[in-house]
file query27.pdb (PDB, C-alpha atoms, pLDDT in the B column)
ATOM      1  CA  MET A   1     -24.856  12.974 -25.202  1.00 38.00           C
ATOM      2  CA  ILE A   2     -25.712  13.750 -28.834  1.00 40.00           C
ATOM      3  CA  LYS A   3     -23.082  16.481 -28.887  1.00 40.00           C
ATOM      4  CA  THR A   4     -20.458  14.044 -27.540  1.00 39.00           C
ATOM      5  CA  MET A   5     -21.414  11.398 -30.112  1.00 37.00           C
ATOM      6  CA  ASN A   6     -21.182  13.981 -32.917  1.00 43.00           C
ATOM      7  CA  GLN A   7     -17.725  15.006 -31.703  1.00 44.00           C
ATOM      8  CA  ARG A   8     -16.602  11.366 -31.717  1.00 43.00           C
ATOM      9  CA  LEU A   9     -17.967  10.852 -35.219  1.00 42.00           C
ATOM     10  CA  LYS A  10     -16.162  13.983 -36.431  1.00 46.00           C
ATOM     11  CA  LEU A  11     -12.950  12.743 -34.818  1.00 44.00           C
ATOM     12  CA  ALA A  12     -13.269   9.322 -36.441  1.00 43.00           C
ATOM     13  CA  PHE A  13     -14.028  10.929 -39.803  1.00 43.00           C
ATOM     14  CA  THR A  14     -10.989  13.237 -39.512  1.00 45.00           C
ATOM     15  CA  PHE A  15      -8.630  10.356 -38.800  1.00 42.00           C
ATOM     16  CA  ALA A  16     -10.170   8.317 -41.636  1.00 42.00           C
ATOM     17  CA  VAL A  17      -9.587  11.182 -44.076  1.00 41.00           C
ATOM     18  CA  ILE A  18      -5.971  11.534 -42.925  1.00 44.00           C
ATOM     19  CA  PHE A  19      -5.431   7.802 -43.405  1.00 42.00           C
ATOM     20  CA  PHE A  20      -6.962   7.571 -46.866  1.00 41.00           C
ATOM     21  CA  ILE A  21      -5.325  10.746 -48.162  1.00 43.00           C
ATOM     22  CA  SER A  22      -1.878   9.705 -47.016  1.00 43.00           C
ATOM     23  CA  GLY A  23      -1.614   6.654 -49.266  1.00 42.00           C
ATOM     24  CA  CYS A  24      -0.633   3.038 -48.902  1.00 41.00           C
ATOM     25  CA  ASP A  25       0.566   1.113 -45.859  1.00 44.00           C
ATOM     26  CA  SER A  26       4.220   0.895 -44.944  1.00 45.00           C
ATOM     27  CA  ASN A  27       6.583  -1.382 -43.144  1.00 48.00           C
ATOM     28  CA  GLN A  28       9.355   1.209 -43.042  1.00 51.00           C
ATOM     29  CA  SER A  29      11.134   1.433 -39.709  1.00 54.00           C
ATOM     30  CA  GLN A  30      10.765   4.672 -37.743  1.00 53.00           C
ATOM     31  CA  SER A  31      14.562   5.057 -37.784  1.00 59.00           C
ATOM     32  CA  ASP A  32      14.817   4.898 -41.602  1.00 80.00           C
ATOM     33  CA  PHE A  33      13.418   8.385 -42.209  1.00 87.00           C
ATOM     34  CA  LYS A  34      15.361  11.524 -43.031  1.00 89.00           C
ATOM     35  CA  ILE A  35      12.514  13.578 -41.578  1.00 92.00           C
ATOM     36  CA  ASP A  36      12.893  12.229 -38.080  1.00 91.00           C
ATOM     37  CA  GLN A  37      12.497  15.255 -35.845  1.00 86.00           C
ATOM     38  CA  LEU A  38      11.695  18.949 -35.776  1.00 89.00           C
ATOM     39  CA  PHE A  39      12.253  21.541 -33.058  1.00 87.00           C
ATOM     40  CA  GLY A  40      13.786  18.930 -30.772  1.00 86.00           C
ATOM     41  CA  TYR A  41      10.781  16.558 -30.954  1.00 89.00           C
ATOM     42  CA  LYS A  42      11.267  13.170 -32.569  1.00 92.00           C
ATOM     43  CA  PHE A  43       8.506  11.192 -34.292  1.00 95.00           C
ATOM     44  CA  GLY A  44       7.691   8.073 -32.268  1.00 94.00           C
ATOM     45  CA  GLU A  45       9.323   9.478 -29.119  1.00 93.00           C
ATOM     46  CA  VAL A  46       7.215   9.092 -25.976  1.00 91.00           C
ATOM     47  CA  ALA A  47       6.069  12.524 -24.800  1.00 87.00           C
ATOM     48  CA  SER A  48       6.620  12.226 -21.064  1.00 83.00           C
ATOM     49  CA  PHE A  49       4.774  15.543 -20.596  1.00 80.00           C
ATOM     50  CA  ALA A  50       1.502  14.199 -22.081  1.00 78.00           C
ATOM     51  CA  PRO A  51      -1.300  14.128 -19.498  1.00 76.00           C
ATOM     52  CA  ASP A  52      -2.851  10.771 -18.581  1.00 70.00           C
ATOM     53  CA  LYS A  53      -6.281  12.098 -19.539  1.00 66.00           C
ATOM     54  CA  TYR A  54      -5.113  12.547 -23.132  1.00 65.00           C
ATOM     55  CA  LEU A  55      -6.914   9.339 -24.084  1.00 62.00           C
ATOM     56  CA  VAL A  56     -10.194  11.085 -23.315  1.00 60.00           C
ATOM     57  CA  ASP A  57      -9.436  14.648 -24.384  1.00 62.00           C
ATOM     58  CA  ASN A  58      -7.781  14.178 -27.829  1.00 64.00           C
ATOM     59  CA  GLN A  59      -6.031  17.506 -27.797  1.00 72.00           C
ATOM     60  CA  THR A  60      -2.808  18.993 -29.001  1.00 80.00           C
ATOM     61  CA  ILE A  61      -0.325  19.455 -26.184  1.00 82.00           C
ATOM     62  CA  GLU A  62       1.622  22.655 -25.626  1.00 82.00           C
ATOM     63  CA  ALA A  63       5.323  22.002 -26.051  1.00 81.00           C
ATOM     64  CA  VAL A  64       8.389  23.998 -25.120  1.00 77.00           C
ATOM     65  CA  ASN A  65      10.928  24.123 -27.899  1.00 69.00           C
ATOM     66  CA  PRO A  66      14.326  23.109 -26.546  1.00 62.00           C
ATOM     67  CA  ASP A  67      15.987  23.942 -29.895  1.00 64.00           C
ATOM     68  CA  LYS A  68      14.485  27.383 -30.525  1.00 67.00           C
ATOM     69  CA  GLU A  69      14.187  27.886 -34.280  1.00 63.00           C
ATOM     70  CA  ASN A  70      12.947  31.252 -35.417  1.00 72.00           C
ATOM     71  CA  PRO A  71      10.547  32.542 -36.627  1.00 87.00           C
ATOM     72  CA  PHE A  72       8.277  30.080 -34.821  1.00 90.00           C
ATOM     73  CA  THR A  73       7.128  30.975 -31.318  1.00 88.00           C
ATOM     74  CA  ASP A  74       4.320  28.508 -30.526  1.00 88.00           C
ATOM     75  CA  TYR A  75       4.867  24.736 -30.528  1.00 90.00           C
ATOM     76  CA  LYS A  76       2.480  21.819 -30.018  1.00 91.00           C
ATOM     77  CA  VAL A  77       2.562  18.075 -30.500  1.00 91.00           C
ATOM     78  CA  THR A  78      -0.116  15.446 -30.849  1.00 90.00           C
ATOM     79  CA  VAL A  79       0.539  12.044 -29.343  1.00 90.00           C
ATOM     80  CA  THR A  80      -1.005   8.619 -29.750  1.00 88.00           C
ATOM     81  CA  PRO A  81      -3.452   7.575 -27.042  1.00 83.00           C
ATOM     82  CA  ILE A  82      -2.195   5.088 -24.464  1.00 80.00           C
ATOM     83  CA  LYS A  83       1.475   5.046 -25.586  1.00 85.00           C
ATOM     84  CA  HIS A  84       1.839   8.858 -25.981  1.00 87.00           C
ATOM     85  CA  LYS A  85       4.116   8.639 -29.050  1.00 91.00           C
ATOM     86  CA  ILE A  86       4.542  11.888 -30.979  1.00 92.00           C
ATOM     87  CA  TYR A  87       2.987  11.718 -34.443  1.00 94.00           C
ATOM     88  CA  VAL A  88       2.241  15.377 -35.272  1.00 94.00           C
ATOM     89  CA  ILE A  89       4.465  18.396 -34.626  1.00 93.00           C
ATOM     90  CA  LEU A  90       2.980  21.870 -35.054  1.00 94.00           C
ATOM     91  CA  ALA A  91       4.600  25.311 -35.010  1.00 93.00           C
ATOM     92  CA  ASN A  92       3.258  28.820 -35.562  1.00 92.00           C
ATOM     93  CA  SER A  93       4.858  32.236 -35.687  1.00 91.00           C
ATOM     94  CA  ASP A  94       3.513  35.461 -34.293  1.00 88.00           C
ATOM     95  CA  THR A  95       1.086  37.274 -36.572  1.00 86.00           C
ATOM     96  CA  ARG A  96       3.452  39.932 -37.848  1.00 87.00           C
ATOM     97  CA  TYR A  97       3.905  39.444 -41.575  1.00 93.00           C
ATOM     98  CA  SER A  98       2.457  41.006 -44.673  1.00 93.00           C
ATOM     99  CA  ALA A  99       1.461  38.483 -47.334  1.00 91.00           C
ATOM    100  CA  LYS A 100       4.678  39.192 -49.270  1.00 94.00           C
ATOM    101  CA  GLU A 101       6.899  38.911 -46.161  1.00 94.00           C
ATOM    102  CA  CYS A 102       5.205  35.665 -45.145  1.00 93.00           C
ATOM    103  CA  ILE A 103       5.761  34.070 -48.547  1.00 93.00           C
ATOM    104  CA  LYS A 104       9.441  35.111 -48.441  1.00 94.00           C
ATOM    105  CA  GLU A 105       9.845  33.642 -44.924  1.00 93.00           C
ATOM    106  CA  ILE A 106       8.184  30.365 -45.987  1.00 92.00           C
ATOM    107  CA  GLU A 107      10.611  30.170 -48.933  1.00 93.00           C
ATOM    108  CA  ASN A 108      13.569  30.687 -46.560  1.00 93.00           C
ATOM    109  CA  ILE A 109      12.370  27.906 -44.246  1.00 92.00           C
ATOM    110  CA  ALA A 110      11.662  25.585 -47.192  1.00 92.00           C
ATOM    111  CA  GLU A 111      15.173  26.164 -48.562  1.00 92.00           C
ATOM    112  CA  LYS A 112      16.699  25.235 -45.188  1.00 91.00           C
ATOM    113  CA  LEU A 113      14.563  22.083 -44.946  1.00 91.00           C
ATOM    114  CA  ILE A 114      15.381  21.050 -48.523  1.00 91.00           C
ATOM    115  CA  ALA A 115      19.092  21.588 -47.796  1.00 91.00           C
ATOM    116  CA  LYS A 116      18.722  19.426 -44.674  1.00 89.00           C
ATOM    117  CA  TYR A 117      16.579  16.607 -46.118  1.00 87.00           C
ATOM    118  CA  GLY A 118      17.311  16.816 -49.853  1.00 82.00           C
ATOM    119  CA  ASP A 119      15.076  16.593 -52.877  1.00 78.00           C
ATOM    120  CA  GLY A 120      14.876  13.431 -54.933  1.00 77.00           C
ATOM    121  CA  PRO A 121      12.891  10.267 -55.568  1.00 82.00           C
ATOM    122  CA  GLU A 122      12.068   9.675 -51.895  1.00 87.00           C
ATOM    123  CA  MET A 123      11.680  13.389 -51.073  1.00 90.00           C
ATOM    124  CA  ARG A 124       8.961  15.195 -53.029  1.00 91.00           C
ATOM    125  CA  VAL A 125       8.806  18.988 -52.737  1.00 91.00           C
ATOM    126  CA  THR A 126       5.739  20.970 -53.813  1.00 91.00           C
ATOM    127  CA  ASN A 127       5.594  24.778 -53.944  1.00 91.00           C
ATOM    128  CA  ASN A 128       2.226  26.534 -54.265  1.00 89.00           C
ATOM    129  CA  ASN A 129       3.553  30.085 -53.698  1.00 80.00           C
ATOM    130  CA  ASP A 130       2.121  30.681 -50.194  1.00 83.00           C
ATOM    131  CA  SER A 131       2.441  27.041 -49.107  1.00 90.00           C
ATOM    132  CA  TRP A 132       5.060  24.299 -49.364  1.00 94.00           C
ATOM    133  CA  GLN A 133       4.979  20.582 -48.802  1.00 94.00           C
ATOM    134  CA  ILE A 134       7.886  18.191 -48.342  1.00 94.00           C
ATOM    135  CA  LYS A 135       6.920  14.497 -48.392  1.00 94.00           C
ATOM    136  CA  GLU A 136       9.164  11.552 -47.695  1.00 94.00           C
ATOM    137  CA  ASN A 137       8.039   8.325 -49.383  1.00 92.00           C
ATOM    138  CA  ASN A 138       4.433   9.454 -48.893  1.00 88.00           C
ATOM    139  CA  LEU A 139       4.851   8.491 -45.201  1.00 94.00           C
ATOM    140  CA  ARG A 140       6.112  11.634 -43.509  1.00 95.00           C
ATOM    141  CA  SER A 141       5.312  15.186 -44.472  1.00 95.00           C
ATOM    142  CA  ILE A 142       6.050  18.773 -43.557  1.00 95.00           C
ATOM    143  CA  ASN A 143       3.412  21.294 -44.651  1.00 96.00           C
ATOM    144  CA  MET A 144       4.026  25.025 -44.338  1.00 95.00           C
ATOM    145  CA  ALA A 145       1.644  27.855 -45.159  1.00 95.00           C
ATOM    146  CA  CYS A 146       0.976  31.526 -44.645  1.00 93.00           C
ATOM    147  CA  VAL A 147      -2.217  31.851 -42.650  1.00 91.00           C
ATOM    148  CA  GLU A 148      -4.241  35.040 -42.316  1.00 90.00           C
ATOM    149  CA  ASN A 149      -5.048  35.879 -38.704  1.00 87.00           C
ATOM    150  CA  THR A 150      -6.892  39.199 -38.412  1.00 84.00           C
ATOM    151  CA  LYS A 151      -7.748  38.557 -34.746  1.00 84.00           C
ATOM    152  CA  ASP A 152      -4.096  38.798 -33.621  1.00 81.00           C
ATOM    153  CA  ALA A 153      -2.884  41.158 -36.356  1.00 76.00           C
ATOM    154  CA  ILE A 154      -0.477  43.901 -35.339  1.00 80.00           C
ATOM    155  CA  SER A 155      -1.744  46.117 -38.181  1.00 85.00           C
ATOM    156  CA  PRO A 156      -4.142  45.732 -41.143  1.00 84.00           C
ATOM    157  CA  ASP A 157      -1.289  44.939 -43.546  1.00 87.00           C
ATOM    158  CA  LYS A 158       0.588  42.641 -41.091  1.00 87.00           C
ATOM    159  CA  ASN A 159      -1.907  39.900 -40.335  1.00 89.00           C
ATOM    160  CA  TYR A 160      -0.211  36.719 -41.568  1.00 92.00           C
ATOM    161  CA  GLN A 161       1.581  34.055 -39.594  1.00 92.00           C
ATOM    162  CA  LEU A 162       3.662  31.055 -40.577  1.00 93.00           C
ATOM    163  CA  SER A 163       2.126  27.691 -39.833  1.00 94.00           C
ATOM    164  CA  LEU A 164       3.949  24.356 -39.997  1.00 95.00           C
ATOM    165  CA  VAL A 165       2.477  20.877 -39.532  1.00 96.00           C
ATOM    166  CA  ALA A 166       4.691  17.773 -39.694  1.00 95.00           C
ATOM    167  CA  GLN A 167       3.107  14.326 -39.561  1.00 96.00           C
ATOM    168  CA  ASP A 168       3.991  10.630 -39.550  1.00 96.00           C
ATOM    169  CA  LYS A 169       1.461   8.509 -41.453  1.00 94.00           C
ATOM    170  CA  ASP A 170       2.008   5.174 -39.681  1.00 93.00           C
ATOM    171  CA  LEU A 171       1.820   6.716 -36.217  1.00 92.00           C
ATOM    172  CA  SER A 172      -1.285   8.649 -37.323  1.00 91.00           C
ATOM    173  CA  MET A 173      -2.849   5.329 -38.260  1.00 92.00           C
ATOM    174  CA  GLU A 174      -1.898   3.876 -34.870  1.00 90.00           C
ATOM    175  CA  ALA A 175      -3.603   6.862 -33.201  1.00 88.00           C
ATOM    176  CA  PHE A 176      -6.670   6.474 -35.439  1.00 88.00           C
ATOM    177  CA  LYS A 177      -7.044   2.810 -34.482  1.00 88.00           C
ATOM    178  CA  ALA A 178      -6.702   3.602 -30.769  1.00 84.00           C
ATOM    179  CA  TRP A 179      -9.273   6.398 -30.996  1.00 81.00           C
ATOM    180  CA  GLN A 180     -11.605   4.154 -32.977  1.00 83.00           C
ATOM    181  CA  ASP A 181     -11.303   1.395 -30.346  1.00 82.00           C
ATOM    182  CA  ARG A 182     -12.001   3.974 -27.656  1.00 75.00           C
ATOM    183  CA  GLN A 183     -15.068   5.259 -29.491  1.00 74.00           C
ATOM    184  CA  LEU A 184     -16.443   1.738 -29.965  1.00 74.00           C
ATOM    185  CA  SER A 185     -15.904   0.854 -26.293  1.00 72.00           C
ATOM    186  CA  ASP A 186     -17.589   4.119 -25.198  1.00 65.00           C
ATOM    187  CA  GLU A 187     -20.551   3.419 -27.483  1.00 62.00           C
ATOM    188  CA  LYS A 188     -20.786  -0.127 -26.107  1.00 57.00           C
ATOM    189  CA  PHE A 189     -20.753   1.280 -22.560  1.00 51.00           C
ATOM    190  CA  GLU A 190     -23.444   3.876 -23.436  1.00 58.00           C
ATOM    191  CA  ASN A 191     -25.648   1.192 -25.008  1.00 56.00           C
ATOM    192  CA  GLN A 192     -25.437  -0.969 -21.874  1.00 57.00           C
ATOM    193  CA  LYS A 193     -26.869   1.778 -19.654  1.00 54.00           C
TER     194      LYS A 193
END
call {"tool": "encode", "arguments": {"input": "query27.pdb", "output": "structure tokens"}}
result
Amino acid sequence: MIKTMNQRLKLAFTFAVIFFISGCDSNQSQSDFKIDQLFGYKFGEVASFAPDKYLVDNQTIEAVNPDKENPFTDYKVTVTPIKHKIYVILANSDTRYSAKECIKEIENIAEKLIAKYGDGPEMRVTNNNDSWQIKENNLRSINMACVENTKDAISPDKNYQLSLVAQDKDLSMEAFKAWQDRQLSDEKFENQK
């Protein structure tokens, strides 16, 4: 029981950090964003493939990419509890890059995304050499990085993979509130035993 409570507290803390880091509240409509979908998955879309037990498990869900975009090979989404709306889209490549190759591949992907979404007052692009971030009005973001993965490395000098995480702030907040309500109701139930 203590382990479960600690997991719930960690989950609540994680969502709180995401909320406070991501900035102020918004009333922007889901359809007003340039960053509206990646890899065939649209923010706010109901993931019909999400399991009913997702409310309890709080896990990322394996996704099949209908619009295969290389170099990524592994796709996942995270959905809000109850309504199962997509609010995080994740993609990873195989571990096959040297550090230099990975940085070059991240630059190529960033250039394509900037060409697609633009760069300007509502689109802020940050480049930290081995990682990039594209933020739209501080409400949606795409973060890309080169991640070392020695466990799945194909050779000692080829142990990096590309990692991409895209997130919607308002839907993340909706998920946080639902998880928080769930945690409070579980604690109430535990206290009544």
call {"tool": "closest_residue", "arguments": {"input": "query27.pdb", "among": "A:Lys135, A:Arg182, A:Lys151, A:Arg140", "to": "A:Gln37", "atoms": "all atoms listed in the file"}}
result
A:Arg140
call {"tool": "resolve_selection", "arguments": {"input": "query27.pdb", "expression": "the PyMOL selection byres ((chain A and resi 45) around 9)", "output": "PyMOL selection string"}}
result
chain A and resi 41-44+46-48+84-87
call {"tool": "resolve_selection", "arguments": {"input": "query27.pdb", "expression": "the PyMOL selection byres ((chain A and resi 36) around 12)", "output": "NGL selection string"}}
result
:A and (29-35 or 37-45 or 86-89 or 116-117 or 136 or 139-142 or 166-168)
call {"tool": "closest_residue", "arguments": {"input": "query27.pdb", "among": "A:Asp170, A:Ser163, A:Asn138, A:Ile103", "to": "A:Arg124", "atoms": "only C-alpha atoms"}}
result
A:Asn138
call {"tool": "axis_aligned_box", "arguments": {"input": "query27.pdb", "around": "stretch 75-83 of chain A", "padding_each_side": "4 Å", "output": "JSON"}}
result
{"center_x": 0.7, "center_y": 14.9, "center_z": -27.7, "size_x": 16.3, "size_y": 27.7, "size_z": 14.4}
call {"tool": "atom_distance", "arguments": {"input": "query27.pdb", "atom1": "atom CA of A:Ile106", "atom2": "atom CA of A:Ala175"}}
result
29.2 Å
call {"tool": "atom_distance", "arguments": {"input": "query27.pdb", "atom1": "atom CA of A:Cys146", "atom2": "atom CA of A:Thr60"}}
result
20.4 Å
call {"tool": "resolve_selection", "arguments": {"input": "query27.pdb", "expression": "the PyMOL selection byres ((chain A and resi 144) around 12)", "output": "number ranges by chain"}}
result
A: 72, 89-93, 102-103, 105-111, 113, 125-135, 141-143, 145-147, 161-167
call {"tool": "write_last_selection", "arguments": {"input": "query27.pdb", "atoms": "C-alpha atoms", "output": "CSV table (one decimal), keeping the file's coordinate frame"}}
result
chain,number,residue,atom,x,y,z
A,72,PHE,CA,8.3,30.1,-34.8
A,89,ILE,CA,4.5,18.4,-34.6
A,90,LEU,CA,3.0,21.9,-35.1
A,91,ALA,CA,4.6,25.3,-35.0
A,92,ASN,CA,3.3,28.8,-35.6
A,93,SER,CA,4.9,32.2,-35.7
A,102,CYS,CA,5.2,35.7,-45.1
A,103,ILE,CA,5.8,34.1,-48.5
A,105,GLU,CA,9.8,33.6,-44.9
A,106,ILE,CA,8.2,30.4,-46.0
A,107,GLU,CA,10.6,30.2,-48.9
A,108,ASN,CA,13.6,30.7,-46.6
A,109,ILE,CA,12.4,27.9,-44.2
A,110,ALA,CA,11.7,25.6,-47.2
A,111,GLU,CA,15.2,26.2,-48.6
A,113,LEU,CA,14.6,22.1,-44.9
A,125,VAL,CA,8.8,19.0,-52.7
A,126,THR,CA,5.7,21.0,-53.8
A,127,ASN,CA,5.6,24.8,-53.9
A,128,ASN,CA,2.2,26.5,-54.3
A,129,ASN,CA,3.6,30.1,-53.7
A,130,ASP,CA,2.1,30.7,-50.2
A,131,SER,CA,2.4,27.0,-49.1
A,132,TRP,CA,5.1,24.3,-49.4
A,133,GLN,CA,5.0,20.6,-48.8
A,134,ILE,CA,7.9,18.2,-48.3
A,135,LYS,CA,6.9,14.5,-48.4
A,141,SER,CA,5.3,15.2,-44.5
A,142,ILE,CA,6.0,18.8,-43.6
A,143,ASN,CA,3.4,21.3,-44.7
A,145,ALA,CA,1.6,27.9,-45.2
A,146,CYS,CA,1.0,31.5,-44.6
A,147,VAL,CA,-2.2,31.9,-42.6
A,161,GLN,CA,1.6,34.1,-39.6
A,162,LEU,CA,3.7,31.1,-40.6
A,163,SER,CA,2.1,27.7,-39.8
A,164,LEU,CA,3.9,24.4,-40.0
A,165,VAL,CA,2.5,20.9,-39.5
A,166,ALA,CA,4.7,17.8,-39.7
A,167,GLN,CA,3.1,14.3,-39.6
call {"tool": "atom_distance", "arguments": {"input": "query27.pdb", "atom1": "atom CA of A:Pro81", "atom2": "atom CA of A:Ile61"}}
result
12.3 Å
call {"tool": "closest_residue", "arguments": {"input": "query27.pdb", "among": "A:Thr95, A:Asn70, A:Ala63, A:Ile82", "to": "A:Ile154", "atoms": "all atoms listed in the file"}}
result
A:Thr95
call {"tool": "closest_residue", "arguments": {"input": "query27.pdb", "among": "A:Thr80, A:Ser98, A:Thr73, A:Gln59", "to": "A:Thr150", "atoms": "all atoms listed in the file"}}
result
A:Ser98
